[in-house]
Structure formats: C-alpha cells, structure tokens
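Accompanying notes for the structure given below.
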Amino acid sequence: MQKIVLITGGNTGIGKATCEEFLRKGYDVIITYISGKTLKGIDCVKCDVTKTKDVLKTYNFIKKKYGKLDVLVNNAAILKHTRFKKLKTEDFKKTLDVNLVGTFNLTQKMVGLMKKGRIVNVASIRGVNGNNKDMDYSASKAAVINLTQSLAKELAPRICVNSISPGITKTRLVSKYKKSILFTVSKTLLKRVAKPTEIAKAIVFLGSEDASYITGQNLVVDGGYLC
C-alpha cells in the first residue's frame, strides 16, 4: 500500500529537500507552508501550525483524500538570531510557539490518522549545545528533543518517534548570518556546511522501515561539529 508523508514547512530548505527525497522513494507527499511558492505535482496546504483551525484543516484534508498518514515530519520553524540583551519576551514566546507548541499541536492531531508509522521532529545542534546568539531557538529545539523522547514512550509500540539535529545547513533561514556560518564551519570537522539533501536523506531514513527498531533517539547530523 502506498505510504503517505506529511512535511511541515515543506516548500523551502530542508523541508523541500525532504519532500523531493520522499518523492524519489515513491511516497505520496503532502506539505504545509505559510508563504512562498507551492510545489508542483504534490498537495500543498497553507497551514500555521500554531493555529488550531489550520491544523484541523490539514487533518481533514488528509483524512478525506488519503484516509491515513504513515510518516509525519515536523520541520516548520523560525529563527531570529538575537542576542540575550536584545531578545524581547514576545519574540521568545513566538519562537517557542512555532518550534515547540506547533510541533505538539500538529502531532497531537495527526496521530489520529496513524495506525502505525514514523514521526521525525527536526531539532538542531543548538538543542544539544545552546547558543547565546539565539537562545530562544536553542531552548525551543532542546524542548523538541525532550518532546520526542516523551512521545516515543507515549506512542510505542505502534509509532516510532525520533528527532534529527542538523548542523549548519545551506538554507535561506541561515544564509544571511555569514559570520556565524564561518565560525561554525571553522569548528566543524568536515569544514563545510551541509547540503539540504544530506539532512533530507537522514530524515527519510528515520521515516522509513530501515529504521524500524529506532525510537526515542536524536540523530545528530553535523559534520562533526559537536564531536
């Protein structure tokens, strides 16, 4: 039977690369997006993961068209890259709302479509090792890793839940922070940023039957930055 995958924030960066990789593997792919271009040939649902009505709309669309969901990739996120002294409380809350609460919102609803399957939450190396330049983002991704472990216990044995923590990756989200990129690359064993496809392949692995005995884990894909 055809496998169905939903990828949030799937029209750019790592999300888009993951969409393309799942398509190559023969999955039916659905993406959510907030803004920007939709992708041709796949179902694209405009959805703010922090809004219950949008999450419900996405759920109803998948239920009506496909009747099930096999893989959920929680990829949607924001990054402001603001130092502690300049970080506003409302911005801190917004980052948590999108990166953490949004992941919870969507997952809580979508598991109703999953008899069994895989959930992959996109965290970050900043969730493993915090950064003073984006502590709101770091805190949100650390919480995503913890949420992943809790969900793995809650949803076992029918659904495997894992997270992936990419290192610095060539995406629009981080490309404007050139100094941070250069510093991170200097501390990375492979001395380069990741290609989105390299992260996508790791996500697809965790979403596949090849990872059938892996759950509650955080896979770091960072070129040796945290080594």
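FYI, nothing fancy with the structure tokens labels: chains A, B, ... in order, residues from 1 per chain, ligands from 1 as they appear.
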Lys115 (chain A): which residues within 12 Å, counting only C-alpha atoms, same-chain residues fewer than 3 positions away excluded, as a compact mmCIF listing (two decimals) with C-alpha atoms, in the first residue's frame?
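Below is the file that was written, out.txt:
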# COMPACT_ATOMS: atom_id res chain seq x y z
CA GLY A 67 -7.67 8.24 4.91
CA LYS A 68 -4.38 7.72 6.72
CA LEU A 69 -0.90 9.04 7.41
CA ASP A 70 2.26 6.92 7.62
CA VAL A 71 5.01 9.48 8.24
CA MET A 110 -2.13 13.72 13.13
CA VAL A 111 -1.59 10.63 15.27
CA GLY A 112 -5.32 10.08 14.85
CA ARG A 118 7.04 7.19 11.97
CA LEU A 155 3.09 6.21 21.23
CA ALA A 156 5.08 2.96 21.45
CA PRO A 157 4.94 0.36 20.10
CA ARG A 158 2.84 1.37 17.09
CA ILE A 159 4.61 4.65 16.21
CA CYS A 160 8.36 5.28 16.30
For region 177-183 of chain A, find every residue with an atom within 12 Å (counting only C-alpha atoms), except residues of its own chain fewer than 4 positions away, and show them as a PDB file with C-alpha atoms, in the first residue's frame.
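Writing done, so here's selection.pdb:
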ATOM      1  CA  LEU A  79      14.984  31.539  13.737  1.00  0.00           C
ATOM      2  CA  LYS A  80      15.537  35.154  14.784  1.00  0.00           C
ATOM      3  CA  HIS A  81      19.231  35.014  15.822  1.00  0.00           C
ATOM      4  CA  THR A  82      19.046  37.678  18.541  1.00  0.00           C
ATOM      5  CA  ASN A 131      23.986  29.337  21.701  1.00  0.00           C
ATOM      6  CA  ASN A 132      23.860  32.794  23.270  1.00  0.00           C
ATOM      7  CA  LYS A 133      23.048  34.386  19.911  1.00  0.00           C
ATOM      8  CA  ASP A 134      19.780  32.512  19.567  1.00  0.00           C
ATOM      9  CA  GLY A 167      24.343  21.144  11.891  1.00  0.00           C
ATOM     10  CA  ILE A 168      24.611  24.321   9.888  1.00  0.00           C
ATOM     11  CA  THR A 169      22.923  23.786   6.532  1.00  0.00           C
ATOM     12  CA  LYS A 170      22.810  25.830   3.357  1.00  0.00           C
ATOM     13  CA  THR A 171      19.270  27.190   3.580  1.00  0.00           C
ATOM     14  CA  ARG A 172      17.613  30.585   3.281  1.00  0.00           C
ATOM     15  CA  LEU A 173      16.991  30.517   7.035  1.00  0.00           C
ATOM     16  CA  LYS A 187      34.693  24.292  14.291  1.00  0.00           C
ATOM     17  CA  THR A 188      33.263  21.549  12.050  1.00  0.00           C
ATOM     18  CA  LYS A 191      34.956  22.113   7.173  1.00  0.00           C
ATOM     19  CA  ARG A 192      31.773  22.906   5.258  1.00  0.00           C
ATOM     20  CA  VAL A 193      28.059  23.453   5.657  1.00  0.00           C
ATOM     21  CA  ALA A 194      25.638  20.619   4.932  1.00  0.00           C
ATOM     22  CA  TYR A 225      30.714  19.986  14.928  1.00  0.00           C
TER      23      TYR A 225
END
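With only C-alpha atoms as the atoms that count, the minimum distance from Lys51 (chain A) to the choices A:Glu209, A:Glu154, A:Asp97, A:Glu21 is reached by A:Asp97.
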Fewer than 3 positions away in the same chain doesn't count, so skip those; otherwise give me all residues within 10 Å of Gln2 (chain A), counting only C-alpha atoms, as a PDB file with C-alpha atoms, in the first residue's frame.
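Saved result, selection.pdb, follows:
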ATOM      1  CA  VAL A   5       4.010  11.502   4.358  1.00  0.00           C
ATOM      2  CA  GLY A  26       7.889   6.553  -4.080  1.00  0.00           C
ATOM      3  CA  TYR A  27       5.895   8.135  -1.227  1.00  0.00           C
ATOM      4  CA  ASP A  28       2.827  10.316  -1.700  1.00  0.00           C
ATOM      5  CA  TYR A  66      -5.952   9.598   1.810  1.00  0.00           C
ATOM      6  CA  ASP A  70       2.263   6.923   7.620  1.00  0.00           C
TER       7      ASP A  70
END
Using only C-alpha atoms, which residues sit within 9 Å of Ala77 (chain A) once same-chain residues fewer than 5 positions away are excluded, as a PyMOL selection string?
chain A and resi 8-9+95+98-100+102+122+137
If we count only C-alpha atoms, what is near Asn146 (chain A) at a cut-off of 10 Å, once residues fewer than 2 positions away on the same chain are taken out, given as an MDAnalysis selection string?
chainID A and resid 127 140:144 148:152 163 216:218
Next, the residues of the selection above should be written as a compact mmCIF listing (two decimals), in the first residue's frame with C-alpha atoms.
# COMPACT_ATOMS: atom_id res chain seq x y z
CA GLY A 127 19.12 21.97 21.03
CA SER A 140 12.88 25.50 21.63
CA LYS A 141 14.93 22.83 19.90
CA ALA A 142 16.12 21.34 23.21
CA ALA A 143 12.46 21.07 24.15
CA VAL A 144 11.70 19.38 20.81
CA THR A 148 10.45 13.49 21.03
CA GLN A 149 11.55 11.20 23.85
CA SER A 150 8.24 11.68 25.67
CA LEU A 151 6.21 10.99 22.53
CA ALA A 152 8.25 7.86 21.81
CA SER A 163 14.38 13.68 16.15
CA GLY A 216 13.22 7.92 21.15
CA GLN A 217 16.56 8.90 19.63
CA ASN A 218 18.12 12.17 18.48
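Across the structure, CA of Thr18 (chain A) and CA of Tyr33 (chain A) are spaced 13.8 Å apart.
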Just give me the gap between CA of Phe92 (chain A) and CA of Thr107 (chain A) in Å, one decimal is fine.
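According to the coordinates, CA of Phe92 (chain A) and CA of Thr107 (chain A) are separated by 21.9 Å.
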Could you list, as a list in words, every residue within 12 Å of Phe61 (chain A), counting only C-alpha atoms and ignoring same-chain residues fewer than 3 positions away?
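In the requested format, the answer is Leu6, Ile30, Ile31, Thr32, Asp43, Cys44, Val45, Lys46, Cys47, Asp54, Val55, Leu56, Lys57, Thr58, Lys64, Lys65, Tyr66, Gly67, Lys68, Leu69, Met110 and Leu113 of chain A.
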Take the residues from that selection and write them out as a JSON list (two decimals), in the first residue's frame, keeping C-alpha atoms.
[["chain", "number", "residue", "atom", "x", "y", "z"],
["A", 6, "LEU", "CA", 3.28, 15.00, 5.67],
["A", 30, "ILE", "CA", 1.81, 16.44, 1.36],
["A", 31, "ILE", "CA", 3.43, 19.66, 2.57],
["A", 32, "THR", "CA", 2.29, 22.58, 4.67],
["A", 43, "ASP", "CA", -0.60, 18.54, -2.29],
["A", 44, "CYS", "CA", 0.28, 21.83, -0.61],
["A", 45, "VAL", "CA", -1.81, 23.01, 2.34],
["A", 46, "LYS", "CA", -1.43, 26.50, 3.75],
["A", 47, "CYS", "CA", -1.14, 25.97, 7.50],
["A", 54, "ASP", "CA", -5.26, 25.40, 10.32],
["A", 55, "VAL", "CA", -4.13, 22.14, 11.89],
["A", 56, "LEU", "CA", -7.71, 20.85, 11.75],
["A", 57, "LYS", "CA", -7.98, 21.89, 8.10],
["A", 58, "THR", "CA", -4.84, 19.92, 7.29],
["A", 64, "LYS", "CA", -10.71, 12.92, 3.18],
["A", 65, "LYS", "CA", -8.18, 12.34, 0.38],
["A", 66, "TYR", "CA", -5.95, 9.60, 1.81],
["A", 67, "GLY", "CA", -7.67, 8.24, 4.91],
["A", 68, "LYS", "CA", -4.38, 7.72, 6.72],
["A", 69, "LEU", "CA", -0.90, 9.04, 7.41],
["A", 110, "MET", "CA", -2.13, 13.72, 13.13],
["A", 113, "LEU", "CA", -4.55, 9.20, 11.22]]
Top pick for closest residue to Lys53 (chain A), considering A:Arg126, A:Ile199, A:Leu106, A:Asp210 and counting only C-alpha atoms:
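Looking only at the distances to Lys53 (chain A), the closest residue turns out to be A:Leu106.
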Could you pull out all residues of region 3-204 of chain A with a DSSP call of alpha helix (DSSP H) and give them as a CSV table (one decimal) with N, CA and C atoms, in the first residue's frame?
chain,number,residue,atom,x,y,z
A,13,GLY,N,14.1,25.0,1.7
A,13,GLY,CA,15.2,24.5,2.6
A,13,GLY,C,15.2,23.0,2.8
A,14,ILE,N,15.4,22.6,4.0
A,14,ILE,CA,15.5,21.2,4.4
A,14,ILE,C,14.1,20.5,4.1
A,15,GLY,N,13.0,21.2,4.3
A,15,GLY,CA,11.7,20.7,4.1
A,15,GLY,C,11.5,20.3,2.6
A,16,LYS,N,11.9,21.2,1.7
A,16,LYS,CA,11.8,21.0,0.3
A,16,LYS,C,12.6,19.8,-0.1
A,17,ALA,N,13.9,19.8,0.4
A,17,ALA,CA,14.8,18.7,0.0
A,17,ALA,C,14.2,17.3,0.5
A,18,THR,N,13.6,17.3,1.7
A,18,THR,CA,13.0,16.1,2.2
A,18,THR,C,11.8,15.7,1.4
A,19,CYS,N,11.0,16.6,1.0
A,19,CYS,CA,9.9,16.4,0.1
A,19,CYS,C,10.4,15.7,-1.2
A,20,GLU,N,11.4,16.2,-1.8
A,20,GLU,CA,11.9,15.6,-3.0
A,20,GLU,C,12.5,14.2,-2.8
A,21,GLU,N,13.1,14.0,-1.7
A,21,GLU,CA,13.7,12.7,-1.4
A,21,GLU,C,12.7,11.7,-1.1
A,22,PHE,N,11.6,12.0,-0.4
A,22,PHE,CA,10.5,11.1,-0.2
A,22,PHE,C,9.8,10.8,-1.6
A,23,LEU,N,9.7,11.8,-2.4
A,23,LEU,CA,9.1,11.5,-3.8
A,23,LEU,C,9.9,10.5,-4.5
A,24,ARG,N,11.2,10.7,-4.5
A,24,ARG,CA,12.1,9.7,-5.2
A,24,ARG,C,12.0,8.3,-4.6
A,52,THR,N,-5.1,26.3,15.7
A,52,THR,CA,-5.9,25.0,15.7
A,52,THR,C,-6.7,24.9,14.5
A,53,LYS,N,-7.3,25.9,14.0
A,53,LYS,CA,-8.1,25.8,12.8
A,53,LYS,C,-7.3,25.4,11.6
A,54,ASP,N,-6.1,25.8,11.4
A,54,ASP,CA,-5.3,25.4,10.3
A,54,ASP,C,-4.8,23.9,10.4
A,55,VAL,N,-4.5,23.5,11.6
A,55,VAL,CA,-4.1,22.1,11.9
A,55,VAL,C,-5.3,21.2,11.6
A,56,LEU,N,-6.5,21.6,12.0
A,56,LEU,CA,-7.7,20.9,11.7
A,56,LEU,C,-8.0,20.8,10.3
A,57,LYS,N,-7.8,21.9,9.6
A,57,LYS,CA,-8.0,21.9,8.1
A,57,LYS,C,-7.0,20.9,7.4
A,58,THR,N,-5.8,20.9,7.9
A,58,THR,CA,-4.8,19.9,7.3
A,58,THR,C,-5.2,18.5,7.6
A,59,TYR,N,-5.6,18.2,8.8
A,59,TYR,CA,-6.1,16.9,9.2
A,59,TYR,C,-7.3,16.4,8.3
A,60,ASN,N,-8.2,17.3,8.2
A,60,ASN,CA,-9.4,17.0,7.4
A,60,ASN,C,-9.1,16.7,5.9
A,61,PHE,N,-8.2,17.5,5.4
A,61,PHE,CA,-7.7,17.3,4.0
A,61,PHE,C,-7.1,15.9,3.8
A,62,ILE,N,-6.2,15.5,4.7
A,62,ILE,CA,-5.6,14.2,4.6
A,62,ILE,C,-6.5,13.1,4.8
A,63,LYS,N,-7.4,13.2,5.8
A,63,LYS,CA,-8.4,12.2,6.1
A,63,LYS,C,-9.3,12.0,4.9
A,64,LYS,N,-9.8,13.0,4.3
A,64,LYS,CA,-10.7,12.9,3.2
A,64,LYS,C,-10.0,12.3,1.9
A,65,LYS,N,-8.8,12.8,1.6
A,65,LYS,CA,-8.2,12.3,0.4
A,65,LYS,C,-7.5,11.0,0.5
A,89,THR,N,10.7,39.5,25.1
A,89,THR,CA,9.9,38.4,25.6
A,89,THR,C,8.9,37.8,24.6
A,90,GLU,N,8.3,38.8,23.9
A,90,GLU,CA,7.3,38.3,22.9
A,90,GLU,C,7.9,37.5,21.8
A,91,ASP,N,9.1,37.9,21.4
A,91,ASP,CA,9.8,37.1,20.4
A,91,ASP,C,10.2,35.7,20.9
A,92,PHE,N,10.7,35.7,22.1
A,92,PHE,CA,11.0,34.4,22.7
A,92,PHE,C,9.8,33.5,22.7
A,93,LYS,N,8.6,34.0,23.1
A,93,LYS,CA,7.4,33.2,23.1
A,93,LYS,C,7.0,32.8,21.7
A,94,LYS,N,7.2,33.7,20.7
A,94,LYS,CA,6.8,33.4,19.4
A,94,LYS,C,7.6,32.2,18.9
A,95,THR,N,8.9,32.2,19.2
A,95,THR,CA,9.8,31.1,18.7
A,95,THR,C,9.4,29.8,19.4
A,96,LEU,N,9.1,29.8,20.6
A,96,LEU,CA,8.6,28.6,21.3
A,96,LEU,C,7.2,28.1,20.7
A,102,GLY,N,3.9,24.3,18.1
A,102,GLY,CA,3.4,23.9,16.8
A,102,GLY,C,3.6,22.5,16.5
A,103,THR,N,4.8,22.0,16.9
A,103,THR,CA,5.1,20.5,16.7
A,103,THR,C,4.1,19.7,17.6
A,104,PHE,N,3.9,20.1,18.8
A,104,PHE,CA,2.9,19.4,19.6
A,104,PHE,C,1.5,19.4,19.0
A,105,ASN,N,1.0,20.6,18.6
A,105,ASN,CA,-0.3,20.8,18.0
A,105,ASN,C,-0.5,19.8,16.9
A,106,LEU,N,0.4,19.8,15.9
A,106,LEU,CA,0.2,19.0,14.7
A,106,LEU,C,0.3,17.5,15.0
A,107,THR,N,1.2,17.2,15.9
A,107,THR,CA,1.4,15.8,16.2
A,107,THR,C,0.2,15.2,16.9
A,108,GLN,N,-0.3,16.0,17.9
A,108,GLN,CA,-1.5,15.5,18.6
A,108,GLN,C,-2.7,15.2,17.7
A,109,LYS,N,-2.8,16.0,16.7
A,109,LYS,CA,-3.9,15.8,15.8
A,109,LYS,C,-3.6,14.7,14.8
A,110,MET,N,-2.4,14.6,14.2
A,110,MET,CA,-2.1,13.7,13.1
A,110,MET,C,-2.0,12.3,13.6
A,135,MET,N,19.2,32.1,21.9
A,135,MET,CA,18.8,31.2,23.0
A,135,MET,C,17.4,30.8,22.9
A,136,ASP,N,16.5,31.6,22.3
A,136,ASP,CA,15.1,31.2,22.1
A,136,ASP,C,15.0,30.0,21.2
A,137,TYR,N,15.7,30.0,20.1
A,137,TYR,CA,15.8,28.9,19.2
A,137,TYR,C,16.4,27.7,19.8
A,138,SER,N,17.5,27.9,20.5
A,138,SER,CA,18.2,26.8,21.2
A,138,SER,C,17.3,26.1,22.2
A,139,ALA,N,16.6,26.9,23.0
A,139,ALA,CA,15.7,26.4,24.0
A,139,ALA,C,14.5,25.6,23.4
A,140,SER,N,14.0,26.2,22.3
A,140,SER,CA,12.9,25.5,21.6
A,140,SER,C,13.3,24.2,21.1
A,141,LYS,N,14.5,24.1,20.5
A,141,LYS,CA,14.9,22.8,19.9
A,141,LYS,C,15.3,21.8,21.0
A,142,ALA,N,15.9,22.3,22.1
A,142,ALA,CA,16.1,21.3,23.2
A,142,ALA,C,14.8,20.7,23.7
A,143,ALA,N,13.8,21.6,23.7
A,143,ALA,CA,12.5,21.1,24.1
A,143,ALA,C,11.9,20.1,23.1
A,144,VAL,N,12.2,20.3,21.8
A,144,VAL,CA,11.7,19.4,20.8
A,144,VAL,C,12.3,18.0,21.0
A,145,ILE,N,13.6,18.0,21.3
A,145,ILE,CA,14.3,16.7,21.6
A,145,ILE,C,13.6,16.0,22.8
A,146,ASN,N,13.4,16.7,23.8
A,146,ASN,CA,12.7,16.2,25.0
A,146,ASN,C,11.3,15.7,24.7
A,147,LEU,N,10.6,16.5,23.9
A,147,LEU,CA,9.2,16.1,23.5
A,147,LEU,C,9.3,14.8,22.7
A,148,THR,N,10.3,14.7,21.8
A,148,THR,CA,10.4,13.5,21.0
A,148,THR,C,10.6,12.3,21.9
A,149,GLN,N,11.4,12.3,23.0
A,149,GLN,CA,11.5,11.2,23.9
A,149,GLN,C,10.2,10.9,24.6
A,150,SER,N,9.5,11.9,25.0
A,150,SER,CA,8.2,11.7,25.7
A,150,SER,C,7.2,11.1,24.7
A,151,LEU,N,7.1,11.5,23.5
A,151,LEU,CA,6.2,11.0,22.5
A,151,LEU,C,6.5,9.5,22.2
A,152,ALA,N,7.8,9.2,22.1
A,152,ALA,CA,8.2,7.9,21.8
A,152,ALA,C,7.7,6.9,22.9
A,153,LYS,N,7.7,7.3,24.1
A,153,LYS,CA,7.2,6.5,25.2
A,153,LYS,C,5.7,6.4,25.1
A,154,GLU,N,5.0,7.5,24.8
A,154,GLU,CA,3.6,7.6,24.7
A,154,GLU,C,3.0,6.8,23.6
A,155,LEU,N,3.7,6.8,22.4
A,155,LEU,CA,3.1,6.2,21.2
A,155,LEU,C,3.6,4.8,20.9
A,172,ARG,N,17.9,29.2,3.2
A,172,ARG,CA,17.6,30.6,3.3
A,172,ARG,C,17.5,31.1,4.7
A,173,LEU,N,17.2,30.2,5.6
A,173,LEU,CA,17.0,30.5,7.0
A,173,LEU,C,18.3,31.0,7.7
A,174,VAL,N,19.4,30.4,7.3
A,174,VAL,CA,20.7,30.7,7.9
A,174,VAL,C,21.7,31.5,7.0
A,175,SER,N,21.4,31.6,5.7
A,175,SER,CA,22.3,32.1,4.8
A,175,SER,C,22.7,33.6,5.0
A,178,LYS,N,26.3,35.4,7.9
A,178,LYS,CA,27.6,34.9,7.3
A,178,LYS,C,28.7,34.7,8.4
A,179,LYS,N,28.8,35.6,9.4
A,179,LYS,CA,29.8,35.4,10.4
A,179,LYS,C,29.6,34.2,11.2
A,180,SER,N,28.4,33.9,11.5
A,180,SER,CA,28.1,32.6,12.3
A,180,SER,C,28.4,31.4,11.4
A,181,ILE,N,28.1,31.5,10.1
A,181,ILE,CA,28.5,30.4,9.3
A,181,ILE,C,30.0,30.1,9.2
A,182,LEU,N,30.7,31.1,9.1
A,182,LEU,CA,32.2,31.0,9.0
A,182,LEU,C,32.7,30.4,10.3
A,183,PHE,N,32.2,30.9,11.4
A,183,PHE,CA,32.7,30.4,12.7
A,183,PHE,C,32.3,29.0,12.9
A,184,THR,N,31.1,28.6,12.6
A,184,THR,CA,30.7,27.2,12.7
A,184,THR,C,31.5,26.3,11.8
A,185,VAL,N,31.7,26.7,10.6
A,185,VAL,CA,32.5,25.8,9.7
A,185,VAL,C,33.9,25.6,10.2
A,186,SER,N,34.4,26.6,10.8
A,186,SER,CA,35.8,26.5,11.4
A,186,SER,C,35.9,25.5,12.5
A,196,PRO,N,21.2,20.7,2.0
A,196,PRO,CA,19.8,20.2,2.4
A,196,PRO,C,19.6,18.8,2.1
A,197,THR,N,20.0,18.3,1.0
A,197,THR,CA,19.8,16.9,0.6
A,197,THR,C,20.5,15.9,1.6
A,198,GLU,N,21.6,16.3,2.2
A,198,GLU,CA,22.3,15.4,3.2
A,198,GLU,C,21.4,15.3,4.4
A,199,ILE,N,20.8,16.3,4.8
A,199,ILE,CA,19.9,16.3,6.0
A,199,ILE,C,18.6,15.5,5.6
A,200,ALA,N,18.1,15.8,4.4
A,200,ALA,CA,16.9,15.1,4.0
A,200,ALA,C,17.0,13.6,4.0
A,201,LYS,N,18.1,13.1,3.5
A,201,LYS,CA,18.3,11.6,3.4
A,201,LYS,C,18.3,11.0,4.8
A,202,ALA,N,18.8,11.7,5.8
A,202,ALA,CA,18.8,11.2,7.2
A,202,ALA,C,17.4,11.2,7.7
A,203,ILE,N,16.6,12.2,7.4
A,203,ILE,CA,15.2,12.3,7.8
A,203,ILE,C,14.4,11.2,7.1
A,204,VAL,N,14.6,10.9,5.9
A,204,VAL,CA,13.9,9.9,5.2
A,204,VAL,C,14.3,8.5,5.8
Which of these, A:Leu39, A:Leu190, A:Leu226, A:Ile119, has the shortest distance to Ser208 (chain A) once you count only C-alpha atoms?
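The answer is A:Ile119, which sits nearest to Ser208 (chain A).
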